[in-house]
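Peer 1: Structure file coords.csv (CSV, C-alpha atoms) is given on the next line.
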```
chain,number,residue,atom,x,y,z
L,1,MET,CA,14.3,27.0,31.1
L,2,ILE,CA,15.2,26.0,27.5
L,3,GLY,CA,16.3,29.4,26.3
L,4,LYS,CA,15.3,32.9,25.2
L,5,TYR,CA,15.3,35.2,22.2
L,6,VAL,CA,18.1,37.7,22.3
L,7,GLN,CA,18.4,40.8,20.0
L,8,GLN,CA,21.5,40.5,17.8
L,9,PRO,CA,23.7,43.4,16.5
L,10,SER,CA,22.2,42.9,13.0
L,11,GLY,CA,18.7,43.6,14.3
L,12,PHE,CA,17.1,40.2,14.4
L,13,LYS,CA,16.4,38.0,17.4
L,14,ALA,CA,18.0,34.6,17.8
L,15,PHE,CA,17.2,31.9,20.2
L,16,ILE,CA,19.9,31.4,22.8
L,17,PRO,CA,19.7,28.1,24.7
L,18,GLU,CA,20.2,28.2,28.5
L,19,PRO,CA,22.9,25.9,30.0
L,20,PHE,CA,21.6,22.4,29.3
L,21,PRO,CA,20.2,20.6,31.0
L,22,GLY,CA,19.1,23.0,33.7
L,23,LYS,CA,20.0,22.7,37.4
L,24,GLU,CA,16.5,21.5,38.3
L,25,PRO,CA,16.1,17.7,37.6
L,26,PHE,CA,13.8,16.9,34.7
L,27,ALA,CA,10.4,16.1,36.2
L,28,CYS,CA,8.1,13.5,34.6
L,29,SER,CA,4.4,14.0,35.1
L,30,PRO,CA,2.2,10.9,35.9
L,31,ARG,CA,0.7,11.1,32.4
L,32,MET,CA,4.2,11.1,30.9
L,33,VAL,CA,5.3,8.2,33.0
L,34,LYS,CA,2.2,6.2,31.9
L,35,LYS,CA,2.8,6.9,28.2
L,36,ASP,CA,6.5,6.0,28.7
L,37,ALA,CA,5.5,2.6,30.2
L,38,GLN,CA,3.0,1.9,27.4
L,39,ALA,CA,5.6,2.8,24.8
L,40,SER,CA,8.3,0.6,26.5
L,41,ARG,CA,5.8,-2.3,26.7
L,42,LEU,CA,5.1,-2.1,23.0
L,43,LEU,CA,8.8,-1.9,22.1
L,44,GLY,CA,9.2,-5.1,24.0
L,45,LYS,CA,6.3,-6.7,22.2
L,46,LEU,CA,7.7,-5.6,18.8
L,47,ASP,CA,11.1,-6.9,19.7
L,48,GLY,CA,9.6,-10.3,20.5
L,49,ILE,CA,7.2,-10.6,17.5
L,50,THR,CA,10.0,-10.0,15.0
L,51,LEU,CA,11.3,-13.4,16.1
L,52,LEU,CA,8.4,-14.8,14.0
L,53,LEU,CA,10.1,-13.5,10.8
L,54,PRO,CA,12.4,-16.0,9.1
L,55,ASP,CA,14.9,-13.2,8.5
L,56,VAL,CA,14.5,-10.0,10.5
L,57,ASP,CA,17.2,-8.2,8.4
L,58,PHE,CA,15.0,-7.9,5.3
L,59,PHE,CA,12.3,-6.3,7.6
L,60,ILE,CA,14.9,-3.8,8.9
L,61,LEU,CA,16.1,-3.1,5.3
L,62,MET,CA,12.5,-2.2,4.1
L,63,TYR,CA,11.8,-0.1,7.2
L,64,LEU,CA,15.1,1.7,6.6
L,65,HIS,CA,13.9,2.6,3.1
L,66,LYS,CA,10.5,3.6,4.4
L,67,ASP,CA,12.1,5.9,7.1
L,68,ALA,CA,14.6,7.4,4.6
L,69,ALA,CA,11.8,8.3,2.2
L,70,ALA,CA,9.6,9.8,4.9
L,71,SER,CA,12.4,11.7,6.6
L,72,SER,CA,13.5,13.2,3.2
L,73,GLN,CA,9.9,14.0,2.2
L,74,ILE,CA,9.4,16.0,5.4
L,75,GLU,CA,12.2,18.3,3.9
L,76,GLY,CA,10.4,18.5,0.5
L,77,THR,CA,11.9,15.5,-1.4
L,78,LYS,CA,9.5,14.3,-4.1
L,79,ALA,CA,11.0,10.8,-4.6
L,80,THR,CA,9.4,7.8,-3.0
L,81,MET,CA,10.5,4.6,-1.4
L,82,ILE,CA,9.7,2.8,-4.6
L,83,ASP,CA,11.9,5.3,-6.6
L,84,ALA,CA,14.8,4.5,-4.2
L,85,LEU,CA,14.3,0.7,-4.5
L,86,GLU,CA,14.3,1.0,-8.3
L,87,ALA,CA,17.4,3.3,-8.3
L,88,GLU,CA,19.3,0.8,-6.1
L,89,VAL,CA,18.8,-2.0,-8.6
L,90,LYS,CA,19.7,0.4,-11.5
L,91,ILE,CA,16.2,0.4,-13.0
L,92,GLU,CA,15.5,3.4,-15.2
L,93,SER,CA,12.2,4.6,-13.9
L,94,GLY,CA,12.1,8.3,-14.6
L,95,ALA,CA,12.3,8.9,-10.8
L,96,PRO,CA,12.7,12.5,-9.5
L,97,THR,CA,16.3,13.6,-9.4
L,98,ASP,CA,16.0,14.1,-5.6
L,99,VAL,CA,15.9,10.3,-5.2
L,100,ASP,CA,19.5,10.7,-4.2
L,101,ASP,CA,18.3,12.4,-1.0
L,102,ILE,CA,16.8,9.0,0.1
L,103,LEU,CA,19.8,7.0,-1.0
L,104,HIS,CA,22.2,9.2,0.9
L,105,TYR,CA,20.0,8.9,4.0
L,106,ILE,CA,20.1,5.1,3.8
L,107,LYS,CA,23.9,5.3,3.3
L,108,ALA,CA,24.3,7.5,6.3
L,109,LEU,CA,22.0,5.4,8.6
L,110,ASN,CA,23.8,2.2,7.6
L,111,TYR,CA,27.2,3.9,8.2
L,112,GLY,CA,26.1,5.1,11.6
L,113,MET,CA,24.9,1.7,12.7
L,114,LYS,CA,28.3,0.2,11.9
L,115,ARG,CA,30.2,3.2,13.3
L,116,LEU,CA,28.4,2.9,16.7
L,117,LYS,CA,30.4,-0.2,17.3
L,118,GLU,CA,33.6,1.9,17.3
L,119,LEU,CA,32.6,5.4,18.3
L,120,PRO,CA,30.2,6.7,21.0
L,121,LEU,CA,27.3,8.9,20.2
L,122,SER,CA,29.1,12.3,20.1
L,123,LEU,CA,29.7,15.5,18.1
L,124,ARG,CA,32.3,13.7,16.1
L,125,PHE,CA,29.9,10.9,15.3
L,126,ILE,CA,27.2,13.4,14.3
L,127,ARG,CA,29.6,15.2,12.0
L,128,GLU,CA,30.5,12.0,10.3
L,129,ILE,CA,26.8,11.1,9.8
L,130,HIS,CA,26.1,14.5,8.3
L,131,GLU,CA,29.0,14.1,5.9
L,132,LYS,CA,27.6,10.8,4.6
L,133,LEU,CA,24.2,12.3,4.4
L,134,MET,CA,25.2,15.5,2.5
L,135,ASP,CA,28.3,14.5,0.6
L,136,SER,CA,27.6,14.7,-3.2
L,137,ALA,CA,23.9,15.1,-2.4
L,138,ARG,CA,21.6,17.7,-3.9
L,139,ALA,CA,22.2,21.3,-2.8
L,140,THR,CA,25.6,20.6,-1.2
L,141,HIS,CA,26.9,23.9,-2.5
L,142,PHE,CA,25.7,25.4,0.8
L,143,SER,CA,25.5,22.4,3.1
L,144,ASP,CA,29.2,22.1,4.0
L,145,PRO,CA,29.1,18.3,4.7
L,146,GLY,CA,30.4,17.1,8.0
L,147,ASN,CA,31.1,20.6,9.4
L,148,PHE,CA,29.2,22.7,11.9
L,149,ARG,CA,28.1,26.0,10.5
L,150,LYS,CA,30.3,29.0,10.6
L,151,SER,CA,27.5,31.5,9.9
L,152,GLN,CA,23.9,32.2,11.0
L,153,ASN,CA,21.1,30.1,9.6
L,154,TRP,CA,17.3,30.4,10.0
L,155,ILE,CA,14.2,28.4,9.3
L,156,ALA,CA,11.7,29.8,6.7
L,157,GLY,CA,11.6,33.3,5.5
L,158,LYS,CA,14.1,35.2,3.3
L,159,SER,CA,16.3,36.4,6.1
L,160,PRO,CA,16.7,36.1,9.8
L,161,SER,CA,14.5,39.2,10.2
L,162,ASP,CA,11.4,37.5,8.9
L,163,ALA,CA,12.2,33.9,9.7
L,164,GLU,CA,9.9,31.6,11.7
L,165,PHE,CA,12.9,30.5,13.9
L,166,VAL,CA,16.5,31.7,14.2
L,167,PRO,CA,18.8,29.2,15.9
L,168,PRO,CA,21.7,30.4,18.1
L,169,PRO,CA,24.5,32.4,16.6
L,170,VAL,CA,27.8,30.5,16.1
L,171,ASP,CA,29.4,31.3,19.5
L,172,ALA,CA,26.2,30.4,21.4
L,173,MET,CA,25.9,27.3,19.2
L,174,GLN,CA,29.3,26.1,20.2
L,175,SER,CA,28.4,26.3,23.9
L,176,ALA,CA,25.1,24.6,23.3
L,177,LEU,CA,26.7,21.8,21.4
L,178,HIS,CA,29.2,21.2,24.3
L,179,ASP,CA,26.2,20.9,26.7
L,180,PHE,CA,24.4,18.7,24.3
L,181,GLU,CA,27.3,16.2,24.0
L,182,ASN,CA,27.6,16.1,27.8
L,183,PHE,CA,23.8,15.3,28.0
L,184,LEU,CA,24.3,12.5,25.5
L,185,HIS,CA,26.9,10.9,27.8
L,186,ALA,CA,25.3,11.7,31.1
L,187,LYS,CA,24.2,8.8,33.3
L,188,ASP,CA,21.0,10.3,34.6
L,189,SER,CA,17.6,9.0,35.8
L,190,ILE,CA,15.6,10.2,32.8
L,191,PRO,CA,13.8,7.3,31.2
L,192,SER,CA,15.5,6.4,27.9
L,193,LEU,CA,12.5,7.1,25.6
L,194,ILE,CA,11.9,10.5,27.2
L,195,LYS,CA,15.6,11.3,26.9
L,196,ALA,CA,15.5,10.4,23.2
L,197,ALA,CA,12.7,12.9,22.8
L,198,ILE,CA,14.7,15.6,24.5
L,199,ILE,CA,17.8,14.8,22.5
L,200,HIS,CA,15.9,15.3,19.2
L,201,ALA,CA,14.2,18.5,20.2
L,202,GLN,CA,17.4,20.0,21.6
L,203,PHE,CA,19.4,19.1,18.5
L,204,GLU,CA,16.7,20.7,16.3
L,205,THR,CA,16.8,23.8,18.5
L,206,ILE,CA,20.6,24.2,18.1
L,207,HIS,CA,20.4,23.5,14.3
L,208,PRO,CA,24.2,23.2,14.0
L,209,PHE,CA,24.4,22.6,10.2
L,210,LEU,CA,23.6,24.8,7.3
L,211,ASP,CA,21.4,22.0,5.9
L,212,GLY,CA,20.3,18.5,6.8
L,213,ASN,CA,19.5,19.2,10.4
L,214,GLY,CA,16.1,17.6,10.4
L,215,ARG,CA,17.3,14.3,8.8
L,216,THR,CA,20.4,14.1,11.0
L,217,GLY,CA,18.2,14.8,14.1
L,218,ARG,CA,15.7,12.1,13.2
L,219,MET,CA,18.6,9.6,12.7
L,220,LEU,CA,19.9,10.5,16.1
L,221,VAL,CA,16.7,9.0,17.7
L,222,THR,CA,17.4,5.6,16.0
L,223,PHE,CA,21.0,5.6,17.0
L,224,TYR,CA,20.2,6.5,20.6
L,225,LEU,CA,17.5,3.8,21.0
L,226,CYS,CA,20.1,1.3,19.7
L,227,ILE,CA,22.9,2.2,22.1
L,228,GLU,CA,20.4,2.1,25.0
L,229,ALA,CA,19.6,-1.4,23.9
L,230,LEU,CA,15.8,-0.7,24.0
L,231,LEU,CA,15.7,-2.9,20.9
L,232,GLU,CA,17.8,-5.9,20.0
L,233,LYS,CA,17.9,-4.6,16.4
L,234,PRO,CA,17.0,-1.3,14.8
L,235,ILE,CA,13.4,-2.0,13.9
L,236,LEU,CA,11.7,1.2,14.9
L,237,TYR,CA,11.8,4.4,12.9
L,238,LEU,CA,9.7,7.5,13.6
L,239,SER,CA,9.9,9.6,10.4
L,240,SER,CA,6.7,8.2,9.0
L,241,PHE,CA,4.9,9.4,12.1
L,242,PHE,CA,6.5,12.8,12.0
L,243,LYS,CA,5.6,13.1,8.3
L,244,LYS,CA,2.0,12.1,8.9
L,245,TYR,CA,1.6,14.8,11.6
L,246,LYS,CA,4.1,17.2,10.1
L,247,LYS,CA,2.3,20.4,11.2
L,248,ILE,CA,1.9,19.1,14.8
L,249,TYR,CA,5.6,17.9,14.7
L,250,TYR,CA,6.8,21.4,14.0
L,251,GLN,CA,4.4,22.9,16.5
L,252,ARG,CA,5.5,20.6,19.3
L,253,LEU,CA,9.2,21.4,18.6
L,254,THR,CA,8.2,25.1,18.9
L,255,ASP,CA,6.3,24.2,22.2
L,256,TYR,CA,9.6,22.6,23.5
L,257,ARG,CA,11.5,25.9,22.9
L,258,GLU,CA,8.6,27.8,24.6
L,259,GLU,CA,9.0,25.7,27.8
L,260,ASN,CA,6.1,23.3,27.0
L,261,VAL,CA,8.5,20.3,27.1
L,262,GLU,CA,5.8,18.0,28.3
L,263,LYS,CA,3.7,18.6,25.1
L,264,TRP,CA,6.7,17.7,22.9
L,265,VAL,CA,7.6,14.6,25.0
L,266,GLU,CA,4.0,13.3,25.0
L,267,PHE,CA,3.8,13.7,21.2
L,268,PHE,CA,7.1,11.9,20.8
L,269,LEU,CA,5.9,9.0,23.0
L,270,ASP,CA,2.7,8.9,21.0
L,271,GLY,CA,4.9,8.4,18.0
L,272,ILE,CA,6.7,5.5,19.6
L,273,ILE,CA,3.3,3.9,20.5
L,274,GLU,CA,1.7,4.4,17.1
L,275,THR,CA,4.8,3.3,15.2
L,276,ALA,CA,5.4,0.2,17.3
L,277,GLU,CA,1.7,-0.8,16.9
L,278,SER,CA,2.0,-0.3,13.2
L,279,ALA,CA,5.2,-2.3,13.0
L,280,ILE,CA,3.7,-5.2,15.0
L,281,GLU,CA,0.8,-5.3,12.5
L,282,THR,CA,3.3,-5.2,9.6
L,283,VAL,CA,5.1,-8.2,11.0
L,284,LYS,CA,1.8,-10.1,11.3
L,285,GLU,CA,0.8,-9.2,7.7
L,286,ILE,CA,4.2,-10.2,6.3
L,287,THR,CA,4.0,-13.5,8.1
L,288,LEU,CA,0.6,-14.2,6.7
L,289,LEU,CA,1.6,-13.2,3.1
L,290,ARG,CA,4.6,-15.4,3.3
L,291,GLU,CA,2.5,-18.4,4.4
L,292,GLN,CA,0.0,-17.7,1.5
L,293,ASP,CA,2.7,-17.4,-1.1
L,294,ILE,CA,4.5,-20.6,0.1
L,295,LYS,CA,1.2,-22.4,-0.3
L,296,LYS,CA,0.8,-21.0,-3.9
L,297,ILE,CA,4.4,-22.1,-4.7
L,298,SER,CA,3.8,-25.6,-3.4
L,299,GLN,CA,1.1,-26.0,-6.0
L,300,MET,CA,3.5,-25.5,-8.9
L,301,ASN,CA,5.4,-28.3,-10.6
L,302,LYS,CA,8.4,-29.7,-8.8
L,303,THR,CA,11.1,-27.7,-10.8
L,304,SER,CA,9.3,-24.4,-10.6
L,305,SER,CA,8.4,-24.9,-7.0
L,306,GLU,CA,12.0,-25.5,-5.9
L,307,SER,CA,13.3,-22.5,-7.8
L,308,ALA,CA,10.5,-20.2,-6.5
L,309,MET,CA,11.1,-21.3,-2.9
L,310,ASN,CA,14.8,-20.3,-3.4
L,311,ILE,CA,14.0,-16.8,-4.6
L,312,LEU,CA,11.1,-16.0,-2.3
L,313,PRO,CA,13.3,-15.0,0.6
L,314,LYS,CA,15.3,-12.7,-1.7
L,315,LEU,CA,12.1,-10.9,-2.9
L,316,PHE,CA,11.5,-9.8,0.7
L,317,ALA,CA,14.8,-7.9,0.6
L,318,GLN,CA,14.5,-6.8,-3.0
L,319,PRO,CA,10.8,-6.6,-4.1
L,320,ILE,CA,11.5,-5.0,-7.5
L,321,VAL,CA,13.2,-7.2,-10.1
L,322,THR,CA,13.9,-7.9,-13.7
L,323,ALA,CA,14.4,-11.2,-15.6
L,324,ASN,CA,18.1,-10.8,-15.2
L,325,THR,CA,17.6,-10.6,-11.4
L,326,ILE,CA,15.7,-13.8,-11.3
L,327,GLN,CA,18.2,-15.5,-13.6
L,328,GLU,CA,21.0,-14.6,-11.3
L,329,TRP,CA,19.1,-15.6,-8.1
L,330,ALA,CA,17.9,-19.0,-9.5
L,331,GLY,CA,21.2,-19.8,-11.3
L,332,PHE,CA,19.5,-20.3,-14.7
L,333,ARG,CA,21.9,-20.5,-17.6
L,334,THR,CA,19.5,-18.6,-19.9
L,335,ARG,CA,16.9,-16.0,-19.5
L,336,THR,CA,14.3,-18.4,-20.9
L,337,GLY,CA,14.3,-20.4,-17.7
L,338,ALA,CA,14.1,-17.2,-15.6
L,339,GLN,CA,11.2,-15.9,-17.7
L,340,LYS,CA,9.3,-19.2,-17.3
L,341,LEU,CA,9.6,-19.0,-13.6
L,342,ILE,CA,8.5,-15.3,-13.6
L,343,ASP,CA,5.5,-16.3,-15.6
L,344,ARG,CA,4.6,-18.9,-13.0
L,345,LEU,CA,5.0,-16.3,-10.2
L,346,VAL,CA,2.8,-13.8,-12.1
L,347,GLU,CA,0.1,-16.4,-12.7
L,348,ALA,CA,0.2,-17.3,-9.0
L,349,GLY,CA,-0.4,-13.6,-8.2
L,350,ILE,CA,3.0,-13.3,-6.4
L,351,LEU,CA,4.7,-11.0,-8.9
L,352,GLU,CA,3.0,-8.3,-10.9
L,353,ILE,CA,4.2,-6.6,-14.2
L,354,LYS,CA,4.8,-3.0,-13.5
L,355,ASP,CA,4.0,-1.8,-17.0
L,356,GLU,CA,2.3,-4.2,-19.4
L,357,THR,CA,2.8,-1.9,-22.4
L,358,ILE,CA,6.5,-2.6,-22.2
L,359,LYS,CA,7.4,-5.8,-24.1
L,360,TYR,CA,11.2,-5.9,-23.4
L,361,GLY,CA,13.1,-5.3,-20.2
L,362,ARG,CA,10.0,-5.6,-18.1
L,363,ILE,CA,10.0,-4.8,-14.4
L,364,TYR,CA,8.3,-7.1,-11.9
L,365,VAL,CA,7.0,-6.1,-8.5
L,366,TYR,CA,6.2,-8.0,-5.3
L,367,LYS,CA,3.3,-5.7,-5.0
L,368,LYS,CA,1.4,-7.2,-2.1
L,369,TYR,CA,4.5,-7.1,0.0
L,370,LEU,CA,5.3,-3.5,-1.0
L,371,THR,CA,1.8,-2.4,-0.2
L,372,ILE,CA,2.2,-3.5,3.4
L,373,PHE,CA,4.9,-0.9,3.8
L,374,GLU,CA,3.5,1.8,1.5
L,375,LYS,CA,0.1,2.1,3.2
L,376,SER,CA,1.6,3.4,6.4
L,377,LEU,CA,3.5,6.1,4.5
L,378,VAL,CA,0.4,8.1,3.6
```
Mind converting the file's structure to structure tokens?
Peer 2:
Amino acid sequence: MIGKYVQQPSGFKAFIPEPFPGKEPFACSPRMVKKDAQASRLLGKLDGITLLLPDVDFFILMYLHKDAAASSQIEGTKATMIDALEAEVKIESGAPTDVDDILHYIKALNYGMKRLKELPLSLRFIREIHEKLMDSARATHFSDPGNFRKSQNWIAGKSPSDAEFVPPPVDAMQSALHDFENFLHAKDSIPSLIKAAIIHAQFETIHPFLDGNGRTGRMLVTFYLCIEALLEKPILYLSSFFKKYKKIYYQRLTDYREENVEKWVEFFLDGIIETAESAIETVKEITLLREQDIKKISQMNKTSSESAMNILPKLFAQPIVTANTIQEWAGFRTRTGAQKLIDRLVEAGILEIKDETIKYGRIYVYKKYLTIFEKSLV
């Protein structure tokens, strides 16, 4: 039993988790076991196929941006992955002010990946991640970065009385968090992907922060998969899947609280399967695009070809650039040389001008590459 609604002195009902996990061992149905095996096989395939990439780190970097955008958009952020990429290279693009939500998510995820080398997945770790996510971010006047809440929160509605879901009160939350941390560290027989699903759903049920619970909980999935060594590098992120099926995502989390754990776990495993398949196709498309662009570059004159080959790998990590960027990368003494190279890349169909009406300070985009990542964000 996951928990039950209990009437509170103030009149509303809050969800109180039962001791977690329960005394009965978690039972995996044959269907769940089959999906888990399929998801694990695809993760292994994804891990292997990324070896085809000349530099897997740029792939991770772009996927991180994609996940940060999707996870933040689930919570209502309007800014996009493109807005975040432009903001990082200090390009004035008129992006929504909430682009900071995405940048803080990236900062928190990067911090967490490094911190995992020093600190186990724990309540302390989770508080540190939340602090990075919410510190100086939008709406921090009520988020209390890095601290578990000291008052009641609720999901949707104007008050706990008309809310869609009311997480446990503070005293019950503390007890639930203690159980949750023990579950994180427990050496049990639950398959790792299924345990990752339960970790996420239980964290969202406890909802220990005033704000940022969804984003923190989705990051936990990535961190857990990494410490379980299911992937050699963090190349799988689920936020795009959760965003794509947002209504079902929330319904399955509700199902989890209502004892339909299997529905939630199967949905989560479907997310692993779909996301891994999509990532495998992305690797194939990137590999093909790279081969095509190298062929185009080889047809340029010797000087342009050498310079273009030097900057192509950098475009995979930073696909939005200016003439100053290219000048710095290629080591040109003047912007004239950089602009000539840009013109060659535009003529070859590798770079595109973002806005042709602008004559000075133009922005150039590695559009075909960005499209590969953007199309799965819809």
Peer 1: Skip range 124-128 of chain L itself and residues of its chain fewer than 6 positions away, then list as a list in words all residues within 10 Å of it, counting all atoms listed in the file.
Peer 2: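 So, after excluding close chain neighbours, the residues are Ala108, Tyr111, Gly112, Arg115, Leu116, Glu118, Pro145, Gly146, Asn147, Phe148, Glu181, Pro208, Phe209, Thr216, Gly217, Met219 and Leu220 of chain L.
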Peer 1: Would you give me, as a tab-separated table, each residue of range 256-307 of chain L having an atom within 8 Å of an atom of range 183-204 of chain L, along with its shortest atom pair and that distance in Å to one decimal, using all atoms listed in the file and sorting by chain and residue number?
Peer 2:
```
residue	atom	partner	partner_atom	distance
L:Tyr256	CA	L:Ala201	CA	7.0
L:Trp264	CA	L:Ala197	CA	7.7
L:Val265	CA	L:Ala197	CA	5.8
L:Phe268	CA	L:Ala197	CA	6.0
L:Leu269	CA	L:Leu193	CA	7.3
```
Peer 1: As a list in words, please: the residues near Pro319 in chain L (cut-off 9 Å, only C-alpha atoms, same-chain neighbours under 5 positions excluded).
Peer 2: Leu85, Lys314, Leu351, Tyr364, Val365, Tyr366, Lys367, Tyr369 and Leu370 of chain L
Peer 1: Identify which of the residues L:Leu61, L:Val166, L:Met173, L:Leu103 lies closest to Thr254 in chain L, counting all atoms listed in the file when measuring atom-to-atom distances.
Peer 2: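 Of the candidates, the smallest distance to Thr254 in chain L is held by L:Val166.
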Peer 1: Residues at most 10 Å from Phe223 in chain L, counting all atoms listed in the file, excluding those fewer than 5 positions away in the same chain, as a list in words?
Peer 2: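 In the requested form, the answer reads Leu109, Gly112, Met113, Leu116, Leu121, Ala196, Arg218, Glu228, Ala229 and Pro234 of chain L.
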Peer 1: One decimal, Å: what's the distance from CA of Pro19 in chain L over to CA of Asp179 in chain L, could you say?
Peer 2: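 One can read the CA of Pro19 in chain L to CA of Asp179 in chain L distance as 6.8 Å.
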Peer 1: Could you state the separation of CA of Glu374 in chain L and CA of Tyr245 in chain L in Å, given to one decimal place?
Peer 2: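 So the answer is 16.6 Å.
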Peer 1: In terms of the shortest atom-to-atom distance over all atoms listed in the file, which of L:Ile286, L:Leu341, L:Leu53, L:Leu43 is closest to Ser307 in chain L?
Peer 2: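 Of all the options, L:Leu341 lies closest to Ser307 in chain L.
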Peer 1: In Å, rounded to a single decimal, give me how far CA of Ile372 in chain L is from CA of Ser304 in chain L.
Peer 2: 26.1 Å
Peer 1: If we count all atoms listed in the file and set the cut-off at 12 Å, which residues sit around Ala163 in chain L, ignoring sequence neighbours fewer than 5 positions away in its own chain? Please answer as a list of chain:residue names.
Peer 2: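 Once the nearby chain positions are removed, what remains is L:Phe12, L:Lys13, L:Ala14, L:Phe15, L:Gln152, L:Asn153, L:Trp154, L:Ile155, L:Ala156, L:Gly157, L:Lys158.
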Peer 1: Looking at all atoms listed in the file, which of L:Val283, L:Lys354, L:Ile320, L:Asp57 is the one that sits closest to Ala87 in chain L?
Peer 2: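 Result for the nearest residue to Ala87 in chain L: L:Ile320.
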Peer 1: With 4 Å on each side, where is the centre of the axis-aligned box around all listed atoms of range 25-39 of chain L, and how long are its edges in Å to one decimal, as lines of an AutoDock Vina configuration file?
Peer 2:
```
center_x = 8.4
center_y = 9.8
center_z = 31.2
size_x = 23.4
size_y = 23.8
size_z = 20.8
```
Peer 1: I'd like to know which of L:Ile297, L:Ala68, L:Leu315, L:Leu119 is closest to Ile102 in chain L, using all atoms listed in the file.
Peer 2: L:Ala68
